[in-house]
Amino acid sequence: MLISGQLGVELWAAEVVFDLQLEFPELKLAVITPFLDQDSSWNETNKEWYQSILAQADFIDSVTKKGYEKPWQFRLKNQFFIDKSDGLVLLYDHEKEGSPKYLYELALQYQNNNPYRIELITFYDLQMIVEEEQLKQSDF
């Protein structure tokens with residue numbers, strides 16, 4: 001699995017990978033950041049979480065070998081991820097797109113000329129999972 005190490009879903013996904021590695025040791029995690037010292041402006045709690053993920057990752061690198069300069073570093077990271085992967089799983093909300101919009105649009109463009117699988121997880125999907133779990137809990 002390839003992530004850029006951003007706070008939130010990406011670090012949570014890394015934790016899921018670590019759990020899955022107990023059953024599937026061949027599963028690997030690479031953290032490829034858009035620039036060096038990505039966590040420099042984060043609070044201590046988030047830095048500790050990030051550093052714990054990096055400590056367990058199988059591979060760590062940065063697309064640009066410098067600190068943050070401009071948004072082009074994120075665009076370059078998105079292109080790198082598309083070029084180096086066979087597909088994309090993205091938590092994505094069409095109503096509140098945010099920064100994943102750029103990766104999604106790039107993946108769609110790439111998919112027009114290349115075999116590339118895109119799987120979206122929507123907030124509706126997450127709500128359905130929560131409701132299913134709540135029903136399971138109430139059955140006890």
# chains A, B, ... in the order shown; residues from 1 in each chain; ligands from 1
$ residues_around --residues "segment 69-73 of chain A" --least-positions-apart "3" --cutoff "8 Å" --atoms "only C-alpha atoms" --output "NGL selection string"
:A and (34-35 or 63-64 or 76-77)
$ write_last_selection --atoms "C-alpha atoms" --output "tab-separated table (two decimals), in the first residue's frame"
chain	number	residue	atom	x	y	z
A	34	PRO	CA	5.25	15.16	-1.14
A	35	PHE	CA	8.14	16.96	0.63
A	63	VAL	CA	8.89	12.87	-3.93
A	64	THR	CA	10.73	16.17	-3.62
A	76	LEU	CA	3.91	16.02	-8.34
A	77	LYS	CA	3.08	13.59	-5.52
$ select_by_dssp --residues "chain A" --states "strand (DSSP E or B)" --output "PDB file with N, CA and C atoms, in the first residue's frame"
ATOM      1  N   LEU A   2       0.434   2.224  -0.720  1.00  0.00           N
ATOM      2  CA  LEU A   2       1.185   3.461  -0.884  1.00  0.00           C
ATOM      3  C   LEU A   2       0.360   4.610  -0.330  1.00  0.00           C
ATOM      4  N   ILE A   3       0.920   5.357   0.635  1.00  0.00           N
ATOM      5  CA  ILE A   3       0.260   6.538   1.189  1.00  0.00           C
ATOM      6  C   ILE A   3       1.262   7.680   1.244  1.00  0.00           C
ATOM      7  N   ALA A  30       4.341   1.622   2.060  1.00  0.00           N
ATOM      8  CA  ALA A  30       5.301   2.655   1.675  1.00  0.00           C
ATOM      9  C   ALA A  30       4.677   4.012   1.978  1.00  0.00           C
ATOM     10  N   VAL A  31       5.452   4.867   2.618  1.00  0.00           N
ATOM     11  CA  VAL A  31       5.024   6.241   2.886  1.00  0.00           C
ATOM     12  C   VAL A  31       5.902   7.138   2.023  1.00  0.00           C
ATOM     13  N   ILE A  32       5.278   7.736   1.017  1.00  0.00           N
ATOM     14  CA  ILE A  32       5.985   8.634   0.097  1.00  0.00           C
ATOM     15  C   ILE A  32       5.371  10.019   0.279  1.00  0.00           C
ATOM     16  N   THR A  33       6.074  10.881   0.974  1.00  0.00           N
ATOM     17  CA  THR A  33       5.555  12.220   1.255  1.00  0.00           C
ATOM     18  C   THR A  33       5.808  13.156   0.072  1.00  0.00           C
ATOM     19  N   PHE A  59       8.862   1.167   3.777  1.00  0.00           N
ATOM     20  CA  PHE A  59       9.633   2.048   2.908  1.00  0.00           C
ATOM     21  C   PHE A  59       9.180   3.487   3.140  1.00  0.00           C
ATOM     22  N   ILE A  60      10.133   4.420   3.198  1.00  0.00           N
ATOM     23  CA  ILE A  60       9.837   5.838   3.410  1.00  0.00           C
ATOM     24  C   ILE A  60      10.692   6.654   2.454  1.00  0.00           C
ATOM     25  N   ASP A  61      10.066   7.633   1.803  1.00  0.00           N
ATOM     26  CA  ASP A  61      10.806   8.541   0.925  1.00  0.00           C
ATOM     27  C   ASP A  61       9.953   9.784   0.702  1.00  0.00           C
ATOM     28  N   SER A  62      10.511  10.755   0.012  1.00  0.00           N
ATOM     29  CA  SER A  62       9.788  11.969  -0.373  1.00  0.00           C
ATOM     30  C   SER A  62       9.926  12.161  -1.872  1.00  0.00           C
ATOM     31  N   GLY A  87      -3.895   1.045  -9.180  1.00  0.00           N
ATOM     32  CA  GLY A  87      -5.248   1.461  -8.869  1.00  0.00           C
ATOM     33  C   GLY A  87      -5.254   2.372  -7.653  1.00  0.00           C
ATOM     34  N   LEU A  88      -6.442   2.867  -7.356  1.00  0.00           N
ATOM     35  CA  LEU A  88      -6.611   3.856  -6.298  1.00  0.00           C
ATOM     36  C   LEU A  88      -7.850   3.520  -5.481  1.00  0.00           C
ATOM     37  N   VAL A  89      -7.710   3.523  -4.175  1.00  0.00           N
ATOM     38  CA  VAL A  89      -8.851   3.458  -3.267  1.00  0.00           C
ATOM     39  C   VAL A  89      -8.867   4.800  -2.563  1.00  0.00           C
ATOM     40  N   LEU A  90      -9.991   5.504  -2.680  1.00  0.00           N
ATOM     41  CA  LEU A  90     -10.048   6.876  -2.198  1.00  0.00           C
ATOM     42  C   LEU A  90     -11.325   7.113  -1.415  1.00  0.00           C
ATOM     43  N   LEU A  91     -11.193   7.613  -0.192  1.00  0.00           N
ATOM     44  CA  LEU A  91     -12.342   8.082   0.573  1.00  0.00           C
ATOM     45  C   LEU A  91     -12.693   9.442  -0.012  1.00  0.00           C
ATOM     46  N   ARG A 117      -7.687   1.020 -12.053  1.00  0.00           N
ATOM     47  CA  ARG A 117      -8.890   0.806 -11.240  1.00  0.00           C
ATOM     48  C   ARG A 117      -9.021   1.913 -10.200  1.00  0.00           C
ATOM     49  N   ILE A 118     -10.210   2.470 -10.102  1.00  0.00           N
ATOM     50  CA  ILE A 118     -10.514   3.498  -9.101  1.00  0.00           C
ATOM     51  C   ILE A 118     -11.695   3.006  -8.270  1.00  0.00           C
ATOM     52  N   GLU A 119     -11.476   2.881  -6.971  1.00  0.00           N
ATOM     53  CA  GLU A 119     -12.533   2.479  -6.042  1.00  0.00           C
ATOM     54  C   GLU A 119     -12.762   3.639  -5.081  1.00  0.00           C
ATOM     55  N   LEU A 120     -13.999   4.143  -5.048  1.00  0.00           N
ATOM     56  CA  LEU A 120     -14.335   5.222  -4.136  1.00  0.00           C
ATOM     57  C   LEU A 120     -15.080   4.669  -2.932  1.00  0.00           C
ATOM     58  N   ILE A 121     -14.712   5.146  -1.776  1.00  0.00           N
ATOM     59  CA  ILE A 121     -15.456   4.885  -0.549  1.00  0.00           C
ATOM     60  C   ILE A 121     -16.116   6.215  -0.207  1.00  0.00           C
TER      61      ILE A 121
END
$ select_by_dssp --residues "segment 54-123 of chain A" --states "helix (DSSP H, G or I)" --output "PyMOL selection string"
chain A and resi 54-56+72-83+100-111+123
$ closest_residue --among "A:Asn78, A:Gln56, A:Ser40, A:Asn112" --to "Lys28 of chain A" --atoms "only C-alpha atoms"
A:Gln56
$ closest_residue --among "A:Glu105, A:Glu10, A:Asp83, A:Glu132" --to "Leu29 of chain A" --atoms "only C-alpha atoms"
A:Glu10
$ residues_around --residues "Asn114 of chain A" --least-positions-apart "5" --cutoff "12 Å" --atoms "only C-alpha atoms" --output "PyMOL selection string"
chain A and resi 82-83+85-87+107-109
$ closest_residue --among "A:Tyr116, A:Tyr124, A:Trp12, A:Phe24" --to "Tyr50 of chain A" --atoms "only C-alpha atoms"
A:Trp12
$ atom_distance --atom1 "atom CA of Val9 of chain A" --atom2 "atom CA of Pro100 of chain A"
11.1 Å
